[in-house]
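Everything below belongs to run-v8.txt, which stores compact mmCIF, C-alpha atoms (C1' of nucleotides).
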# COMPACT_ATOMS: atom_id res chain seq x y z
CA MET A 1 80.84 -7.85 43.91
CA ALA A 2 78.40 -9.90 41.93
CA ILE A 3 74.80 -9.01 42.50
CA ILE A 4 72.41 -11.57 41.14
CA VAL A 5 69.21 -9.93 40.09
CA PRO A 6 67.20 -12.39 38.02
CA CYS A 7 65.09 -10.76 35.39
CA LEU A 8 66.62 -7.31 35.71
CA SER A 9 69.81 -7.57 33.68
CA PRO A 10 69.89 -8.30 29.96
CA ARG A 11 72.42 -11.13 30.18
CA ASN A 12 70.82 -13.02 27.35
CA ASP A 13 67.63 -13.23 25.33
CA MET A 14 65.74 -15.10 28.02
CA SER A 15 66.30 -12.67 30.85
CA SER A 16 65.75 -9.91 28.35
CA ILE A 17 62.32 -11.27 27.50
CA CYS A 18 61.46 -11.47 31.18
CA ASP A 19 62.70 -7.96 31.82
CA GLU A 20 60.83 -6.45 28.89
CA LEU A 21 57.63 -8.25 29.83
CA VAL A 22 57.65 -7.16 33.45
CA VAL A 23 58.42 -3.53 32.64
CA TRP A 24 55.69 -3.46 30.02
CA TYR A 25 53.22 -5.12 32.38
CA GLY A 26 53.91 -2.41 34.94
CA HIS A 27 52.14 0.18 32.83
CA ALA A 28 50.00 -1.87 30.43
CA ARG A 29 48.25 -4.20 32.85
CA ARG A 30 44.49 -4.13 33.04
CA ASP A 31 43.12 -3.34 36.44
CA LEU A 32 41.12 -6.55 36.91
CA PRO A 33 39.28 -7.01 40.21
CA TRP A 34 40.86 -10.40 41.03
CA ARG A 35 44.30 -8.80 40.75
CA ALA A 36 43.69 -6.56 43.78
CA PRO A 37 46.12 -7.18 46.66
CA ASP A 38 43.57 -8.35 49.24
CA VAL A 39 41.98 -11.05 47.09
CA THR A 40 42.11 -14.49 48.74
CA ALA A 41 43.28 -17.77 47.25
CA TRP A 42 39.69 -18.99 47.10
CA GLN A 43 38.56 -15.89 45.26
CA ILE A 44 41.41 -16.30 42.78
CA LEU A 45 40.32 -19.90 42.26
CA VAL A 46 36.77 -18.70 41.58
CA SER A 47 38.08 -16.25 38.98
CA GLU A 48 40.06 -19.00 37.24
CA PHE A 49 36.99 -21.22 37.04
CA MET A 50 35.01 -18.39 35.50
CA LEU A 51 37.79 -17.45 33.08
CA GLN A 52 37.96 -20.93 31.59
CA GLN A 53 36.83 -20.30 27.99
CA THR A 54 35.22 -17.01 28.92
CA PRO A 55 36.36 -13.42 28.22
CA VAL A 56 37.33 -11.09 31.06
CA ALA A 57 34.62 -8.55 30.33
CA ARG A 58 31.86 -11.07 30.96
CA VAL A 59 33.45 -12.54 34.09
CA ALA A 60 34.15 -9.36 36.05
CA PRO A 61 30.62 -8.39 37.14
CA ILE A 62 29.64 -11.98 37.98
CA TRP A 63 32.84 -12.49 39.99
CA LEU A 64 32.30 -9.32 42.05
CA ASP A 65 28.78 -10.37 43.07
CA TRP A 66 29.92 -13.94 43.67
CA VAL A 67 32.81 -13.29 46.07
CA ALA A 68 30.77 -10.72 48.00
CA ARG A 69 28.03 -13.28 48.48
CA TRP A 70 30.19 -16.37 49.09
CA PRO A 71 33.66 -15.22 50.25
CA THR A 72 34.96 -18.64 51.36
CA PRO A 73 34.81 -22.28 50.25
CA SER A 74 32.52 -23.20 53.17
CA ALA A 75 30.14 -20.33 52.41
CA THR A 76 29.96 -21.54 48.80
CA ALA A 77 29.47 -25.14 49.87
CA GLU A 78 26.55 -24.16 52.09
CA ALA A 79 24.70 -22.57 49.19
CA SER A 80 22.35 -24.80 47.23
CA ALA A 81 23.44 -26.08 43.84
CA ALA A 82 20.47 -24.27 42.33
CA ASP A 83 21.51 -20.91 43.79
CA VAL A 84 25.03 -21.47 42.50
CA LEU A 85 23.69 -22.17 39.01
CA ARG A 86 21.56 -19.02 39.15
CA ALA A 87 24.49 -16.88 40.28
CA TRP A 88 26.52 -18.32 37.42
CA GLY A 89 23.88 -16.82 35.14
CA LYS A 90 24.76 -16.85 31.46
CA LEU A 91 28.51 -17.22 31.81
CA GLY A 92 28.21 -20.43 29.83
CA TYR A 93 29.36 -24.01 30.35
CA PRO A 94 27.29 -24.38 33.54
CA ARG A 95 29.04 -27.64 34.38
CA ARG A 96 31.81 -25.34 35.58
CA ALA A 97 29.45 -23.92 38.19
CA LYS A 98 28.58 -27.39 39.39
CA ARG A 99 32.26 -28.33 39.61
CA LEU A 100 33.06 -25.11 41.46
CA HIS A 101 30.36 -25.97 44.00
CA GLU A 102 31.80 -29.48 44.39
CA CYS A 103 35.28 -28.01 44.62
CA ALA A 104 34.14 -25.71 47.45
CA THR A 105 32.63 -28.66 49.29
CA MET A 106 35.81 -30.71 48.98
CA ILE A 107 38.00 -27.85 50.21
CA ALA A 108 35.64 -27.13 53.10
CA THR A 109 35.39 -30.74 54.25
CA GLU A 110 38.80 -32.19 53.39
CA HIS A 111 41.18 -29.22 53.47
CA ASP A 112 40.02 -27.24 56.50
CA ASP A 113 38.45 -24.58 54.28
CA GLN A 114 41.88 -23.66 52.88
CA VAL A 115 42.74 -23.79 49.18
CA PRO A 116 45.63 -26.29 48.83
CA HIS A 117 49.08 -24.96 47.91
CA ASP A 118 50.50 -27.97 46.07
CA VAL A 119 49.83 -28.37 42.37
CA GLU A 120 49.46 -32.12 42.83
CA VAL A 121 46.77 -31.62 45.47
CA LEU A 122 45.02 -28.90 43.50
CA LEU A 123 44.79 -31.29 40.55
CA THR A 124 42.61 -33.64 42.64
CA LEU A 125 39.88 -30.99 42.92
CA PRO A 126 36.90 -31.21 40.54
CA GLY A 127 37.14 -28.79 37.64
CA VAL A 128 40.80 -28.03 38.34
CA GLY A 129 43.10 -29.09 35.52
CA SER A 130 46.68 -28.38 34.52
CA TYR A 131 46.17 -24.69 33.86
CA THR A 132 43.97 -23.79 36.84
CA ALA A 133 46.10 -25.71 39.35
CA ARG A 134 49.23 -23.82 38.35
CA ALA A 135 47.46 -20.48 38.06
CA VAL A 136 46.34 -20.81 41.69
CA ALA A 137 49.76 -22.03 42.88
CA CYS A 138 51.41 -19.07 41.16
CA PHE A 139 48.96 -16.18 41.58
CA ALA A 140 47.60 -17.10 45.02
CA TYR A 141 50.72 -18.61 46.58
CA GLN A 142 53.60 -17.02 44.64
CA GLN A 143 55.06 -20.31 43.50
CA SER A 144 57.43 -20.40 40.56
CA VAL A 145 55.45 -22.85 38.43
CA PRO A 146 54.71 -22.42 34.71
CA VAL A 147 51.19 -21.16 34.03
CA VAL A 148 50.33 -22.17 30.49
CA ASP A 149 47.05 -21.35 28.81
CA THR A 150 46.18 -20.88 25.16
CA ASN A 151 47.52 -17.34 25.13
CA VAL A 152 50.85 -18.30 26.67
CA ARG A 153 51.24 -21.18 24.25
CA ARG A 154 50.73 -18.81 21.36
CA VAL A 155 53.23 -16.26 22.67
CA VAL A 156 55.86 -18.99 23.20
CA ALA A 157 55.21 -20.47 19.77
CA ARG A 158 55.75 -17.09 18.15
CA ALA A 159 58.45 -15.39 20.19
CA ILE A 160 60.59 -18.48 20.87
CA HIS A 161 59.88 -20.91 18.05
CA GLY A 162 58.88 -18.59 15.22
CA ARG A 163 55.61 -20.37 14.56
CA ALA A 164 52.26 -18.66 14.09
CA ASP A 165 50.51 -20.75 16.74
CA ALA A 166 51.03 -23.53 19.24
CA GLY A 167 50.04 -26.20 16.74
CA ASN A 168 50.21 -29.81 17.74
CA PRO A 169 53.12 -30.00 20.24
CA SER A 170 52.01 -30.91 23.72
CA ALA A 171 51.34 -28.47 26.49
CA THR A 172 54.02 -30.33 28.45
CA ARG A 173 56.64 -29.08 26.03
CA ASP A 174 55.28 -25.56 26.34
CA MET A 175 55.49 -25.78 30.13
CA ALA A 176 59.18 -26.62 29.83
CA ASP A 177 59.66 -23.62 27.55
CA VAL A 178 57.95 -21.30 30.01
CA LEU A 179 59.87 -22.79 32.94
CA ALA A 180 63.09 -21.91 31.14
CA LEU A 181 61.93 -18.31 30.71
CA MET A 182 60.63 -17.91 34.26
CA PRO A 183 62.44 -16.23 37.11
CA ASP A 184 62.79 -18.71 39.97
CA ASP A 185 61.91 -16.23 42.68
CA GLU A 186 59.08 -14.11 44.05
CA THR A 187 58.71 -12.27 40.75
CA ALA A 188 57.30 -15.41 39.09
CA PRO A 189 53.65 -14.32 39.50
CA VAL A 190 54.28 -10.97 37.82
CA PHE A 191 56.15 -12.66 35.00
CA SER A 192 53.34 -15.17 34.42
CA ALA A 193 50.66 -12.51 34.59
CA ALA A 194 52.64 -10.42 32.11
CA LEU A 195 53.02 -13.33 29.70
CA MET A 196 49.29 -14.02 29.78
CA GLU A 197 48.48 -10.35 29.47
CA LEU A 198 50.68 -10.04 26.38
CA GLY A 199 48.87 -12.95 24.74
CA ALA A 200 45.48 -11.55 25.67
CA THR A 201 45.98 -7.94 24.62
CA VAL A 202 48.91 -7.71 22.16
CA CYS A 203 49.99 -11.08 20.81
CA THR A 204 46.42 -12.04 19.96
CA ALA A 205 45.38 -14.88 17.69
CA ARG A 206 43.62 -12.87 15.03
CA SER A 207 45.37 -9.56 14.55
CA PRO A 208 48.52 -9.30 16.68
CA LYS A 209 49.61 -5.76 17.47
CA CYS A 210 53.30 -6.25 16.76
CA GLY A 211 53.72 -2.49 16.55
CA VAL A 212 53.25 -2.12 20.30
CA CYS A 213 54.89 -5.38 21.41
CA PRO A 214 57.45 -4.86 24.18
CA LEU A 215 59.64 -7.78 23.07
CA ARG A 216 62.75 -6.68 21.20
CA VAL A 217 63.37 -10.20 19.93
CA CYS A 218 60.62 -12.31 18.41
CA ALA A 219 61.38 -15.33 16.25
CA TRP A 220 58.05 -15.07 14.46
CA ARG A 221 58.51 -11.42 13.55
CA ALA A 222 62.12 -12.09 12.55
CA ALA A 223 60.90 -14.83 10.22
CA GLY A 224 58.47 -12.46 8.54
CA HIS A 225 55.27 -13.59 10.27
CA PRO A 226 54.88 -16.99 8.56
CA PRO A 227 51.30 -18.32 8.49
CA PRO A 228 50.21 -21.36 10.50
CA ALA A 229 51.90 -24.55 9.33
CA ILE A 230 48.76 -26.62 9.74
CA ALA A 231 45.29 -25.58 8.66
CA PRO A 232 43.23 -24.46 11.64
CA ARG A 233 40.56 -26.93 12.65
CA PRO A 234 37.14 -26.11 11.17
CA ALA A 235 35.60 -23.80 13.73
CA GLN A 236 32.98 -25.33 15.96
CA ARG A 237 29.68 -23.70 15.30
CA PHE A 238 27.08 -22.96 17.93
CA ALA A 239 23.77 -22.20 16.27
CA GLY A 240 21.63 -25.31 16.13
CA THR A 241 23.80 -27.42 18.41
CA ASP A 242 22.78 -29.34 21.51
CA ARG A 243 24.69 -26.72 23.48
CA GLN A 244 22.35 -24.02 22.30
CA VAL A 245 19.31 -26.11 23.22
CA ARG A 246 20.74 -26.91 26.65
CA GLY A 247 21.31 -23.20 27.19
CA LYS A 248 17.70 -22.39 26.37
CA LEU A 249 16.34 -25.12 28.62
CA LEU A 250 18.54 -24.12 31.52
CA ASP A 251 17.60 -20.48 31.08
CA VAL A 252 13.94 -21.35 31.71
CA LEU A 253 14.83 -23.25 34.88
CA ARG A 254 17.16 -20.52 36.18
CA THR A 255 14.41 -17.96 35.80
CA SER A 256 11.69 -19.99 37.48
CA THR A 257 11.39 -20.15 41.25
CA SER A 258 9.34 -23.32 41.16
CA PRO A 259 9.56 -26.62 39.23
CA VAL A 260 8.50 -26.34 35.61
CA PRO A 261 6.15 -28.69 33.71
CA ARG A 262 7.48 -30.44 30.66
CA GLU A 263 5.37 -28.39 28.26
CA GLN A 264 7.05 -25.19 29.39
CA LEU A 265 10.42 -26.61 28.43
CA ASP A 266 9.23 -28.07 25.15
CA VAL A 267 8.37 -24.68 23.68
CA VAL A 268 11.96 -23.41 23.72
CA TRP A 269 12.97 -25.71 20.84
CA LEU A 270 10.32 -26.76 18.37
CA THR A 271 12.39 -27.42 15.28
CA ASP A 272 13.79 -30.78 16.37
CA THR A 273 11.98 -32.58 19.17
CA ALA A 274 14.46 -35.45 19.27
CA GLN A 275 17.29 -32.98 19.78
CA ARG A 276 15.34 -31.19 22.49
CA ASP A 277 14.74 -34.46 24.35
CA ARG A 278 18.38 -35.38 24.01
CA ALA A 279 19.47 -32.02 25.41
CA LEU A 280 17.15 -32.30 28.41
CA ASP A 281 18.33 -35.82 29.08
CA SER A 282 21.96 -34.71 29.00
CA LEU A 283 21.20 -32.00 31.56
CA LEU A 284 19.72 -34.68 33.83
CA VAL A 285 22.76 -36.90 33.30
CA ASP A 286 25.09 -33.99 34.08
CA GLY A 287 23.32 -33.42 37.37
CA LEU A 288 22.34 -29.89 36.45
CA VAL A 289 18.60 -30.61 36.27
CA GLU A 290 16.40 -32.99 38.23
CA GLN A 291 12.85 -34.23 37.93
CA THR A 292 10.41 -33.88 40.81
CA ALA A 293 8.13 -36.67 42.00
CA ASP A 294 5.22 -35.19 40.04
CA GLY A 295 7.22 -35.15 36.81
CA ARG A 296 8.16 -31.48 36.65
CA PHE A 297 11.73 -30.20 36.18
CA ALA A 298 13.97 -27.95 38.29
CA LEU A 299 17.59 -27.02 38.79
CA CYS A 300 19.42 -29.69 40.74
CA GLY A 301 19.51 -29.12 44.49
CA GLU A 302 16.62 -26.67 44.33
CA ALA A 303 15.23 -27.82 47.66
CA ASN A 304 18.51 -27.68 49.56
C1' DG B 1 39.76 -36.96 19.68
C1' DT B 2 34.66 -34.92 21.22
C1' DC B 3 31.55 -32.54 23.95
C1' DC B 4 30.18 -28.53 26.58
C1' DG B 5 27.54 -21.67 26.27
C1' DG B 6 27.41 -17.39 25.06
C1' DA B 7 28.22 -12.83 23.44
C1' DA B 8 31.08 -9.71 20.84
C1' DA B 9 33.87 -9.14 16.88
C1' DC B 10 34.13 -9.66 12.10
C1' DG C 1 25.26 -14.87 9.21
C1' DT C 2 29.85 -16.65 10.69
C1' DT C 3 34.07 -16.78 13.48
C1' DT C 4 36.37 -16.27 17.65
C1' DC C 5 37.69 -17.28 22.05
C1' DA C 6 41.69 -16.83 29.65
C1' DG C 7 39.99 -25.43 29.84
C1' DG C 8 38.48 -29.67 31.69
C1' DA C 9 36.31 -34.21 31.66
C1' DC C 10 35.44 -38.28 29.33
Transcribe the structure of this file into structure tokens.
Amino acid sequence: MAIIVPCLSPRNDMSSICDELVVWYGHARRDLPWRAPDVTAWQILVSEFMLQQTPVARVAPIWLDWVARWPTPSATAEASAADVLRAWGKLGYPRRAKRLHECATMIATEHDDQVPHDVEVLLTLPGVGSYTARAVACFAYQQSVPVVDTNVRRVVARAIHGRADAGNPSATRDMADVLALMPDDETAPVFSAALMELGATVCTARSPKCGVCPLRVCAWRAAGHPPPAIAPRPAQRFAGTDRQVRGKLLDVLRTSTSPVPREQLDVVWLTDTAQRDRALDSLLVDGLVEQTADGRFALCGEAN
DNA sequence: GTCCGGAAAC
DNA sequence: GTTTCAGGAC
């Protein structure tokens, strides 16, 4: 009698990879708060917003406070944009906070306060792109869809294709690769979480810990760990950029409970006044900061 | 393709 | 001091 147990019998390399990953994940997984069993789809969506370009260690405490304060989309939508920006704190890329607030409003008003299930619908939400839509569909709703972030792309590039990193090939191609590896059943979320976890903790960009990797077969290791084929793009710096200036300006406004006069903002960046003005203007354009009738500045939606 | 934060690891 | 990151919008 044939018993079909996807992912639990080493029929070939692919099911073997899945099997090894899931077993390893069972004991190596980090106990992250958004992985608890009673976490809602909305709270998972909040975690994915916060985790965009931001390490786990910095997200965890903010996320815990956030979901306790605003447990549902409607509760988040009812908060003022300014309070949302303050709660976001120094997580970085504050446009994400604004988009999360807009996303909450759209779900509350157009989706009956329920996070959509379908990837196509999720993709219509502000701040939700290819990765976040599929992460929610998979982790919140147990759908067997490929969840491909930078870490997953790197693992696939190495283990399957024998390359040091994802390189140029499109994320679409990587999604097809992951789809081929995935179990098409209720174990998909565990598989995807395991793949991401491997990329985050073992198969890391800088110094991969191949000595503790659970995969028996890895094309990159088999090929002798060849270096990246293309030179890595010159790293974006941070010191002295508009982003740093924006961060300093926004920090003043987050801290203040009342609108701030121009002079109080000017002092945070004295080395380049043109750059400072440009940064402030971009915050106004982004809808993160607004100017009061008397010419002072405040976080957007401060009065609401 | 470029822009958008911030902190921890080198 | 410099590099390194769990994306998305334009």
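Residue nearest chain C, chosen from A:Lys90, A:Arg243, A:Arg95, A:Arg278 and counting all atoms listed in the file: A:Arg95.
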Chain A contacts to chain B at 7 Å (all atoms listed in the file) as a list in words: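 Listed by rising number, the hits are Lys90, Leu91, Gly92, Tyr93, Arg243, Gln244 and Gly247 of chain A.
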Find the residues of chain C that sit at most 8 Å from range 45-63 of chain A; for each, write down the nearest two atoms and how far apart they are in Å, to one decimal. Count all atoms listed in the file. Sort by chain, then by number going up, and give it as CSV.
residue,atom,partner,partner_atom,distance
C:DC5,C1',A:Gln53,CA,6.7
C:DA6,C1',A:Leu51,CA,5.2
C:DG7,C1',A:Gln52,CA,5.2
Could you write out the selected residues, including C-alpha atoms (C1' of nucleotides), as a PDB file, in the coordinates of the input?
ATOM      1  C1'  DC C   5      37.690 -17.280  22.050  1.00  0.00           C
ATOM      2  C1'  DA C   6      41.690 -16.830  29.650  1.00  0.00           C
ATOM      3  C1'  DG C   7      39.990 -25.430  29.840  1.00  0.00           C
TER       4       DG C   7
END
Neighbours of chain C in chain A at 12 Å, counting all atoms listed in the file, as a ChimeraX atom specification: /A:47-59,93,95-96,99,123,125-133,135,147-153,193,195-201,204-207,234-239,286
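Between CA of Gln142 in chain A and CA of Asp65 in chain A the interatomic distance comes to 25.7 Å.
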Neighbour list for Leu85 in chain A as a list in words, cut-off 9 Å, all atoms listed in the file, skip fewer than 5 positions in-chain: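 Within the cut-off, the hits are Ser80, Pro94, Arg95, Ala97, Lys98, Arg254, Leu288, Leu299 and Cys300 of chain A.
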Just to be explicit: take each residue in the selection above, keep C-alpha atoms, and write the result as an mmCIF file, keeping the file's coordinate frame.
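Contents of again-v2.cif, as written:
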data_model
loop_
_atom_site.group_PDB
_atom_site.id
_atom_site.type_symbol
_atom_site.label_atom_id
_atom_site.label_comp_id
_atom_site.auth_asym_id
_atom_site.auth_seq_id
_atom_site.Cartn_x
_atom_site.Cartn_y
_atom_site.Cartn_z
ATOM 1 C CA SER A 80 22.350 -24.800 47.230
ATOM 2 C CA PRO A 94 27.290 -24.380 33.540
ATOM 3 C CA ARG A 95 29.040 -27.640 34.380
ATOM 4 C CA ALA A 97 29.450 -23.920 38.190
ATOM 5 C CA LYS A 98 28.580 -27.390 39.390
ATOM 6 C CA ARG A 254 17.160 -20.520 36.180
ATOM 7 C CA LEU A 288 22.340 -29.890 36.450
ATOM 8 C CA LEU A 299 17.590 -27.020 38.790
ATOM 9 C CA CYS A 300 19.420 -29.690 40.740
#
Pairwise distance for CA of Thr72 in chain A and CA of Ala87 in chain A, rounded to one decimal in Å: 15.3 Å
Two-atom distance - CA of Thr109 in chain A, CA of Val285 in chain A (Å):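 Distance between the two atoms: 25.2 Å.
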Near Ala164 in chain A, within 12 Å and counting all atoms listed in the file, which residues show up once chain neighbours fewer than 6 positions away are dropped, as a CSV table (one decimal) with C-alpha atoms, in the coordinates of the input?
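Here's the written file part31.csv:
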chain,number,residue,atom,x,y,z
A,153,ARG,CA,51.2,-21.2,24.2
A,154,ARG,CA,50.7,-18.8,21.4
A,155,VAL,CA,53.2,-16.3,22.7
A,156,VAL,CA,55.9,-19.0,23.2
A,157,ALA,CA,55.2,-20.5,19.8
A,158,ARG,CA,55.8,-17.1,18.2
A,203,CYS,CA,50.0,-11.1,20.8
A,204,THR,CA,46.4,-12.0,20.0
A,205,ALA,CA,45.4,-14.9,17.7
A,206,ARG,CA,43.6,-12.9,15.0
A,207,SER,CA,45.4,-9.6,14.6
A,208,PRO,CA,48.5,-9.3,16.7
A,218,CYS,CA,60.6,-12.3,18.4
A,219,ALA,CA,61.4,-15.3,16.2
A,220,TRP,CA,58.0,-15.1,14.5
A,221,ARG,CA,58.5,-11.4,13.6
A,222,ALA,CA,62.1,-12.1,12.6
A,223,ALA,CA,60.9,-14.8,10.2
A,224,GLY,CA,58.5,-12.5,8.5
A,225,HIS,CA,55.3,-13.6,10.3
A,226,PRO,CA,54.9,-17.0,8.6
A,227,PRO,CA,51.3,-18.3,8.5
A,228,PRO,CA,50.2,-21.4,10.5
A,229,ALA,CA,51.9,-24.6,9.3
A,230,ILE,CA,48.8,-26.6,9.7
A,231,ALA,CA,45.3,-25.6,8.7
A,232,PRO,CA,43.2,-24.5,11.6
Point (17.3, -32.2, 34.0) neighbourhood (12 Å, all atoms listed in the file) written as a PyMOL selection string: chain A and resi 82+246-247+249-250+252-254+259-262+265+276-292+295-302
